[in-house]
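Colleague: To be precise about what I am sending: the file is called upload.pdb and holds PDB, C-alpha atoms and all ligand atoms.
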MODEL        1
ATOM      1  CA  MET A   1       7.354  -6.570  14.275
ATOM      2  CA  ILE A   2       4.361  -8.735  13.509
ATOM      3  CA  LEU A   3       3.860  -9.077   9.762
ATOM      4  CA  GLU A   4       1.130 -11.073   8.078
ATOM      5  CA  LYS A   5       0.462 -11.038   4.370
ATOM      6  CA  LEU A   6      -2.915 -12.024   2.974
ATOM      7  CA  THR A   7      -3.527 -12.366  -0.744
ATOM      8  CA  VAL A   8      -7.123 -11.315  -1.312
ATOM      9  CA  GLY A   9      -9.766 -10.963  -3.975
ATOM     10  CA  PRO A  10      -9.903 -11.530  -7.733
ATOM     11  CA  PHE A  11      -6.866  -9.275  -8.290
ATOM     12  CA  GLN A  12      -4.741 -11.292  -5.826
ATOM     13  CA  GLU A  13      -3.898  -8.149  -3.928
ATOM     14  CA  SER A  14      -1.543  -8.212  -0.938
ATOM     15  CA  CYS A  15      -3.000  -6.923   2.311
ATOM     16  CA  TYR A  16      -0.494  -6.550   5.146
ATOM     17  CA  ILE A  17      -1.283  -6.765   8.823
ATOM     18  CA  ILE A  18       1.573  -5.023  10.608
ATOM     19  CA  GLY A  19       1.856  -4.788  14.340
ATOM     20  CA  ASP A  20       4.093  -3.742  17.151
ATOM     21  CA  GLU A  21       4.568  -6.618  19.599
ATOM     22  CA  ALA A  22       5.522  -4.282  22.459
ATOM     23  CA  THR A  23       2.270  -2.316  22.465
ATOM     24  CA  GLY A  24      -0.050  -4.795  20.743
ATOM     25  CA  THR A  25      -1.009  -2.074  18.262
ATOM     26  CA  GLY A  26      -1.519  -2.887  14.614
ATOM     27  CA  ALA A  27      -2.391  -1.388  11.265
ATOM     28  CA  LEU A  28      -3.891  -2.753   8.076
ATOM     29  CA  PHE A  29      -2.186  -1.745   4.851
ATOM     30  CA  ASP A  30      -4.373  -1.968   1.739
ATOM     31  CA  PRO A  31      -7.220  -4.228   2.846
ATOM     32  CA  GLY A  32      -8.466  -4.776  -0.681
ATOM     33  CA  ASP A  33     -11.053  -7.536  -0.320
ATOM     34  CA  GLU A  34     -12.225 -10.424   1.892
ATOM     35  CA  ALA A  35     -12.814  -8.302   5.006
ATOM     36  CA  MET A  36     -13.905 -11.253   7.115
ATOM     37  CA  ARG A  37     -10.807 -13.270   6.271
ATOM     38  CA  ILE A  38      -8.636 -10.275   7.174
ATOM     39  CA  ALA A  39     -10.524  -9.808  10.458
ATOM     40  CA  LEU A  40     -10.035 -13.485  11.270
ATOM     41  CA  ALA A  41      -6.298 -13.208  10.632
ATOM     42  CA  VAL A  42      -6.180 -10.092  12.836
ATOM     43  CA  GLU A  43      -7.889 -12.021  15.626
ATOM     44  CA  GLN A  44      -5.129 -14.618  15.537
ATOM     45  CA  THR A  45      -2.478 -11.918  16.037
ATOM     46  CA  ASN A  46      -4.260 -10.408  19.071
ATOM     47  CA  LEU A  47      -3.434  -6.963  17.687
ATOM     48  CA  GLU A  48      -5.588  -3.931  18.314
ATOM     49  CA  ILE A  49      -6.055  -2.367  14.883
ATOM     50  CA  ALA A  50      -5.568   1.383  15.237
ATOM     51  CA  GLN A  51      -5.329   2.462  11.583
ATOM     52  CA  ILE A  52      -6.094   1.499   8.032
ATOM     53  CA  ILE A  53      -3.427   2.828   5.696
ATOM     54  CA  ILE A  54      -3.985   3.046   1.930
ATOM     55  CA  THR A  55      -1.172   3.236  -0.628
ATOM     56  CA  HIS A  56      -3.509   4.286  -3.456
ATOM     57  CA  ALA A  57      -7.202   4.299  -4.291
ATOM     58  CA  HIS A  58      -7.473   1.429  -6.749
ATOM     59  CA  ILE A  59     -10.411  -0.865  -6.183
ATOM     60  CA  ASP A  60      -8.246  -3.903  -5.418
ATOM     61  CA  HIS A  61      -6.541  -2.048  -2.536
ATOM     62  CA  VAL A  62      -9.522  -0.510  -0.780
ATOM     63  CA  GLY A  63     -12.441  -2.907  -1.300
ATOM     64  CA  ALA A  64     -12.537  -4.075   2.326
ATOM     65  CA  VAL A  65     -11.828  -0.723   3.985
ATOM     66  CA  ALA A  66     -15.424   0.287   4.752
ATOM     67  CA  ALA A  67     -16.282  -3.110   6.274
ATOM     68  CA  LEU A  68     -13.134  -3.082   8.418
ATOM     69  CA  VAL A  69     -13.795   0.465   9.619
ATOM     70  CA  ASP A  70     -17.124  -0.871  10.867
ATOM     71  CA  GLU A  71     -15.200  -3.624  12.645
ATOM     72  CA  TYR A  72     -12.410  -1.560  14.236
ATOM     73  CA  ALA A  73     -13.784   2.016  14.270
ATOM     74  CA  CYS A  74     -10.282   3.182  13.372
ATOM     75  CA  PRO A  75      -9.107   6.088  11.211
ATOM     76  CA  VAL A  76      -8.305   5.679   7.516
ATOM     77  CA  LEU A  77      -5.147   7.334   6.178
ATOM     78  CA  MET A  78      -4.311   8.169   2.563
ATOM     79  CA  HIS A  79      -2.725  10.882   0.412
ATOM     80  CA  ALA A  80      -5.084  13.740  -0.469
ATOM     81  CA  GLU A  81      -4.446  13.356  -4.220
ATOM     82  CA  ALA A  82      -5.949   9.854  -4.109
ATOM     83  CA  GLU A  83      -9.311  11.134  -2.907
ATOM     84  CA  PRO A  84     -10.936  11.941  -6.309
ATOM     85  CA  MET A  85     -10.189   8.403  -7.476
ATOM     86  CA  LEU A  86     -11.609   6.927  -4.276
ATOM     87  CA  LYS A  87     -14.860   8.796  -4.903
ATOM     88  CA  GLN A  88     -14.990   7.316  -8.418
ATOM     89  CA  LEU A  89     -14.767   3.719  -7.243
ATOM     90  CA  PRO A  90     -18.454   2.803  -7.570
ATOM     91  CA  ASN A  91     -18.350   3.938 -11.240
ATOM     92  CA  GLN A  92     -15.035   2.220 -11.842
ATOM     93  CA  ALA A  93     -16.432  -0.990 -10.380
ATOM     94  CA  LEU A  94     -19.528  -0.789 -12.537
ATOM     95  CA  MET A  95     -17.409  -0.523 -15.680
ATOM     96  CA  MET A  96     -15.624  -3.683 -14.619
ATOM     97  CA  GLY A  97     -18.885  -5.477 -13.945
ATOM     98  CA  LEU A  98     -18.260  -5.370 -10.205
ATOM     99  CA  ARG A  99     -20.135  -3.769  -7.377
ATOM    100  CA  PHE A 100     -18.398  -1.475  -4.929
ATOM    101  CA  GLY A 101     -20.306  -0.848  -1.723
ATOM    102  CA  LYS A 102     -19.838   2.093   0.569
ATOM    103  CA  VAL A 103     -16.966   4.464  -0.277
ATOM    104  CA  PRO A 104     -14.907   4.715   2.914
ATOM    105  CA  ALA A 105     -14.333   8.093   4.508
ATOM    106  CA  VAL A 106     -10.708   9.188   4.823
ATOM    107  CA  ASP A 107      -9.935  10.594   8.266
ATOM    108  CA  ALA A 108      -6.445  11.950   7.712
ATOM    109  CA  TYR A 109      -4.348  12.839   4.703
ATOM    110  CA  VAL A 110      -0.755  11.659   4.781
ATOM    111  CA  GLU A 111       1.859  13.865   3.155
ATOM    112  CA  ASP A 112       5.210  13.009   1.653
ATOM    113  CA  GLU A 113       7.840  12.315   4.344
ATOM    114  CA  GLU A 114       5.229  12.213   7.084
ATOM    115  CA  VAL A 115       5.879   9.534   9.684
ATOM    116  CA  VAL A 116       2.974   7.258  10.542
ATOM    117  CA  HIS A 117       3.295   5.392  13.830
ATOM    118  CA  VAL A 118       1.999   1.885  14.400
ATOM    119  CA  GLY A 119       2.572   1.489  18.141
ATOM    120  CA  ASP A 120       6.310   2.041  18.469
ATOM    121  CA  LEU A 121       6.960   1.282  14.802
ATOM    122  CA  ALA A 122       7.531   4.228  12.482
ATOM    123  CA  PHE A 123       6.737   4.268   8.776
ATOM    124  CA  GLN A 124       7.772   7.192   6.635
ATOM    125  CA  ALA A 125       5.476   7.992   3.716
ATOM    126  CA  LEU A 126       7.253   8.162   0.351
ATOM    127  CA  TYR A 127       5.280  10.011  -2.307
ATOM    128  CA  THR A 128       5.586   7.727  -5.331
ATOM    129  CA  PRO A 129       3.044   8.687  -8.031
ATOM    130  CA  GLY A 130       3.031   7.379 -11.599
ATOM    131  CA  HIS A 131       0.898   4.246 -11.169
ATOM    132  CA  ALA A 132      -1.948   6.157  -9.523
ATOM    133  CA  PRO A 133      -2.506   9.703  -8.195
ATOM    134  CA  GLY A 134      -1.311  10.256  -4.652
ATOM    135  CA  HIS A 135       0.417   6.878  -4.451
ATOM    136  CA  LEU A 136       2.419   6.400  -1.249
ATOM    137  CA  ALA A 137       4.942   3.801  -0.175
ATOM    138  CA  PHE A 138       5.700   3.343   3.519
ATOM    139  CA  TYR A 139       9.231   2.786   4.753
ATOM    140  CA  SER A 140      10.435   1.635   8.141
ATOM    141  CA  ARG A 141      14.173   2.173   8.451
ATOM    142  CA  GLU A 142      14.316   0.323  11.783
ATOM    143  CA  GLU A 143      12.546  -2.745  10.421
ATOM    144  CA  GLY A 144      14.190  -2.554   6.997
ATOM    145  CA  VAL A 145      10.933  -2.880   5.063
ATOM    146  CA  VAL A 146       9.074  -0.812   2.526
ATOM    147  CA  ILE A 147       5.436  -1.329   1.633
ATOM    148  CA  SER A 148       5.650  -0.421  -2.015
ATOM    149  CA  GLY A 149       2.006  -0.570  -3.106
ATOM    150  CA  ASP A 150       1.783  -0.936  -6.879
ATOM    151  CA  ALA A 151       4.867   1.178  -7.657
ATOM    152  CA  LEU A 152       7.411  -1.644  -7.585
ATOM    153  CA  PHE A 153       7.019  -5.437  -7.795
ATOM    154  CA  ALA A 154       9.424  -8.344  -7.881
ATOM    155  CA  GLY A 155      10.583  -8.155 -11.493
ATOM    156  CA  GLY A 156       8.041  -5.521 -12.450
ATOM    157  CA  VAL A 157       6.660  -2.026 -12.033
ATOM    158  CA  GLY A 158       3.114  -0.729 -11.756
ATOM    159  CA  ARG A 159       0.956  -0.386 -14.849
ATOM    160  CA  VAL A 160       0.572   3.167 -16.093
ATOM    161  CA  ASP A 161      -2.398   2.813 -18.451
ATOM    162  CA  LEU A 162      -5.025   3.640 -15.825
ATOM    163  CA  PRO A 163      -6.257   7.219 -15.170
ATOM    164  CA  GLY A 164      -3.487   9.409 -13.781
ATOM    165  CA  GLY A 165      -0.774   6.965 -14.822
ATOM    166  CA  SER A 166       2.560   8.046 -16.291
ATOM    167  CA  MET A 167       5.627   5.892 -16.983
ATOM    168  CA  GLU A 168       7.911   8.905 -16.750
ATOM    169  CA  VAL A 169       6.520   9.887 -13.344
ATOM    170  CA  LEU A 170       6.568   6.283 -12.105
ATOM    171  CA  MET A 171      10.182   5.775 -13.121
ATOM    172  CA  ARG A 172      11.156   8.991 -11.353
ATOM    173  CA  SER A 173       9.303   7.833  -8.206
ATOM    174  CA  ILE A 174      11.075   4.475  -8.255
ATOM    175  CA  ARG A 175      14.489   5.938  -8.982
ATOM    176  CA  GLU A 176      14.376   8.837  -6.552
ATOM    177  CA  ARG A 177      12.403   7.375  -3.664
ATOM    178  CA  LEU A 178      12.567   3.560  -3.723
ATOM    179  CA  LEU A 179      16.004   2.862  -5.203
ATOM    180  CA  ALA A 180      17.337   5.421  -2.713
ATOM    181  CA  LEU A 181      16.663   2.860   0.046
ATOM    182  CA  PRO A 182      19.339   0.403   1.205
ATOM    183  CA  ASP A 183      19.794  -2.736  -0.907
ATOM    184  CA  GLU A 184      18.789  -5.064   1.920
ATOM    185  CA  THR A 185      15.379  -3.375   2.358
ATOM    186  CA  ARG A 186      12.560  -5.919   2.056
ATOM    187  CA  VAL A 187       9.972  -4.846  -0.505
ATOM    188  CA  LEU A 188       6.403  -5.784   0.375
ATOM    189  CA  SER A 189       4.455  -5.007  -2.741
ATOM    190  CA  GLY A 190       0.807  -4.827  -3.680
ATOM    191  CA  HIS A 191       0.925  -7.989  -5.783
ATOM    192  CA  GLY A 192       3.199 -10.997  -5.951
ATOM    193  CA  PRO A 193       6.143 -12.195  -3.920
ATOM    194  CA  GLU A 194       8.430 -10.288  -1.593
ATOM    195  CA  THR A 195      11.698  -8.976  -2.955
ATOM    196  CA  THR A 196      14.463  -6.554  -1.927
ATOM    197  CA  ILE A 197      15.597  -3.186  -3.242
ATOM    198  CA  GLY A 198      18.971  -4.706  -4.153
ATOM    199  CA  GLU A 199      17.409  -7.540  -6.162
ATOM    200  CA  GLU A 200      15.255  -5.091  -8.114
ATOM    201  CA  ARG A 201      18.079  -2.632  -8.613
ATOM    202  CA  THR A 202      20.093  -5.290 -10.437
ATOM    203  CA  GLY A 203      17.504  -7.788 -11.698
ATOM    204  CA  ASN A 204      14.335  -5.876 -12.561
ATOM    205  CA  PRO A 205      14.089  -5.711 -16.370
ATOM    206  CA  PHE A 206      12.121  -2.438 -16.231
ATOM    207  CA  LEU A 207      14.930  -0.764 -14.305
ATOM    208  CA  ALA A 208      17.768  -2.078 -16.465
ATOM    209  CA  GLY A 209      18.920  -1.179 -19.955
ATOM    210  CA  GLY A 210      19.429   2.517 -19.372
ATOM    211  CA  LEU A 211      15.743   3.280 -18.773
ATOM    212  CA  LEU A 212      16.916   4.920 -15.590
TER     213      LEU A 212
HETATM  214 ZN    ZN B   1      -3.058  -0.100  -8.323
HETATM  215 ZN    ZN B   2      -3.124  -3.344  -7.206
ENDMDL
END
Using the file provided, produce a representation of the structure as structure tokens.
Modeller:
Amino acid sequence: MILEKLTVGPFQESCYIIGDEATGTGALFDPGDEAMRIALAVEQTNLEIAQIIITHAHIDHVGAVAALVDEYACPVLMHAEAEPMLKQLPNQALMMGLRFGKVPAVDAYVEDEEVVHVGDLAFQALYTPGHAPGHLAFYSREEGVVISGDALFAGGVGRVDLPGGSMEVLMRSIRERLLALPDETRVLSGHGPETTIGEERTGNPFLAGGLL
């Protein structure tokens, strides 16, 4: 598996370029900003980008989607429940003193448990709301990685004070869907360094102390 992480934009969001070496097919997970820098990094991998996959519709995760759709003419995948928030992005940006350009069109809705293929790689969607509506994580059993979006971080969990957020729902998502994965699973999250399920199970202060 080809895996490149780019930290982009003012929110230091993690965009992942993931590709299948055998077929040369790739996908972009959460291209949040700096479209040209992402496109340059893609060029260096020689991957053909076939999909843009969104974990959730927060501005820092989708800011470069429209520009990269122009570049690759590829479909955009997301959970249906994230769509209302996506439509609100220009307003949300305005409130933050930012400008959001074109709202990208979503070509296919991904449901819980659905398997998304990137070449010969398979990622299973894990419905993990609580941080944002329609939040999805993407798990590859074969590669032993989960793209956790903003549900779970190294030593942290997603904030729940934004619209549609709920600590109770988030904790249930983490407990039932993410902590159900094997300890050695690499966690590629939406912000900050890589971790593993095992490290978070034992060392994450939000998951300790009987909260779960
Ligand atoms: Zn978020
Ligand atoms: Zn984020």
Colleague: As a check of understanding, name the residues that the PyMOL selection byres (((not hetatm)) within 10 of (chain B and resi 1)) selects in the supplied structure, as a count of residues only.
Modeller: 24
Colleague: What is the CA of Asp183 in chain A to CA of Val8 in chain A distance in Å?
Modeller: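 Interatomic distance here is 28.3 Å.
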Colleague: Would you pick out the contacts of Gly198 in chain A at 10 Å or less, using all atoms listed in the file, so that residues sharing its chain but fewer than 3 positions from it are not included, and give the list as an MDAnalysis selection string?
Modeller: chainID A and resid 179 181:187 195 201:204
Colleague: For C-alpha atoms, I'd like the residues from the last selection saved as a PDB file, in the coordinates of the input.
Modeller:
ATOM      1  CA  LEU A 179      16.004   2.862  -5.203  1.00  0.00           C
ATOM      2  CA  LEU A 181      16.663   2.860   0.046  1.00  0.00           C
ATOM      3  CA  PRO A 182      19.339   0.403   1.205  1.00  0.00           C
ATOM      4  CA  ASP A 183      19.794  -2.736  -0.907  1.00  0.00           C
ATOM      5  CA  GLU A 184      18.789  -5.064   1.920  1.00  0.00           C
ATOM      6  CA  THR A 185      15.379  -3.375   2.358  1.00  0.00           C
ATOM      7  CA  ARG A 186      12.560  -5.919   2.056  1.00  0.00           C
ATOM      8  CA  VAL A 187       9.972  -4.846  -0.505  1.00  0.00           C
ATOM      9  CA  THR A 195      11.698  -8.976  -2.955  1.00  0.00           C
ATOM     10  CA  ARG A 201      18.079  -2.632  -8.613  1.00  0.00           C
ATOM     11  CA  THR A 202      20.093  -5.290 -10.437  1.00  0.00           C
ATOM     12  CA  GLY A 203      17.504  -7.788 -11.698  1.00  0.00           C
ATOM     13  CA  ASN A 204      14.335  -5.876 -12.561  1.00  0.00           C
TER      14      ASN A 204
END
Colleague: If you apply the PyMOL selection byres (((chain A and resi 5) around 7) and not hetatm) to this file, what residues do you get, as a PDB file with C-alpha atoms, keeping the file's coordinate frame?
Modeller:
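After the write, out.pdb holds the following:
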ATOM      1  CA  LEU A   3       3.860  -9.077   9.762  1.00  0.00           C
ATOM      2  CA  GLU A   4       1.130 -11.073   8.078  1.00  0.00           C
ATOM      3  CA  LEU A   6      -2.915 -12.024   2.974  1.00  0.00           C
ATOM      4  CA  THR A   7      -3.527 -12.366  -0.744  1.00  0.00           C
ATOM      5  CA  SER A  14      -1.543  -8.212  -0.938  1.00  0.00           C
ATOM      6  CA  CYS A  15      -3.000  -6.923   2.311  1.00  0.00           C
ATOM      7  CA  TYR A  16      -0.494  -6.550   5.146  1.00  0.00           C
ATOM      8  CA  ILE A  17      -1.283  -6.765   8.823  1.00  0.00           C
TER       9      ILE A  17
END
Colleague: To verify the selection step, state as a list of chain:residue names which residues the PyMOL selection byres (((chain A and resi 143) around 10) and not hetatm) yields on this input.
Modeller: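 The output of the PyMOL selection byres (((chain A and resi 143) around 10) and not hetatm) on this file is A:Met1, A:Leu121, A:Ala122, A:Phe123, A:Tyr139, A:Ser140, A:Arg141, A:Glu142, A:Gly144, A:Val145, A:Val146, A:Thr185, A:Arg186.
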Colleague: For ligand ZN 2 (chain B), which residue out of A:Met95, A:Thr128, A:Asp30, A:Asp120 is the nearest one, using only C-alpha atoms and all ligand atoms?
Modeller: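 With only C-alpha atoms and all ligand atoms as the atom set, the closest residue is A:Asp30.
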Colleague: What gap, in Å, lies between CA of Met36 in chain A and CA of Ala82 in chain A?
Modeller: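 Distance reported for this atom pair: 25.2 Å.
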Colleague: Using only C-alpha atoms, which of the listed residues (A:Phe206, A:Phe29, A:Tyr127, A:Tyr72) sits closest to Ile54 in chain A?
Modeller: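 Closest to Ile54 in chain A of all the choices is A:Phe29.
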Colleague: If you measure from CA of Pro163 in chain A to CA of Leu94 in chain A, what distance in Å do you get, rounded to one decimal?
Modeller: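 Atom-to-atom, CA of Pro163 in chain A to CA of Leu94 in chain A, that is 15.7 Å.
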Colleague: Near Pro75 in chain A, counting only C-alpha atoms, which residues have an atom at most 7 Å away, once you skip same-chain residues fewer than 3 positions from it, shown as a PyMOL selection string?
Modeller: chain A and resi 51-52+107
Colleague: Those residues you just picked out, can you put them in a file as a PDB file, keeping the file's coordinate frame with C-alpha atoms?
Modeller:
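Okay, selection39.pdb is ready:
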ATOM      1  CA  GLN A  51      -5.329   2.462  11.583  1.00  0.00           C
ATOM      2  CA  ILE A  52      -6.094   1.499   8.032  1.00  0.00           C
ATOM      3  CA  ASP A 107      -9.935  10.594   8.266  1.00  0.00           C
TER       4      ASP A 107
END
Colleague: Measuring atom to atom with only C-alpha atoms and all ligand atoms, identify which of A:Gln88, A:Thr196, A:Ser148, A:Ser166 is nearest to ligand ZN 2 (chain B).
Modeller: A:Ser148
Colleague: Out of A:Pro205, A:Gly101, A:Gly192, A:Gly164, which residue has the shortest atom-to-atom distance to ligand ZN 2 (chain B) when counting all atoms listed in the file?
Modeller: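 Residue with the minimum atom-to-atom distance to ligand ZN 2 (chain B): A:Gly192.
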Colleague: Kindly provide, as a PyMOL selection string, the polymer residues lying within 7 Å of (3.9, 0.5, 15.5), counting only C-alpha atoms and using the coordinates exactly as they appear in the file.
Modeller: chain A and resi 19-20+25-26+117-122
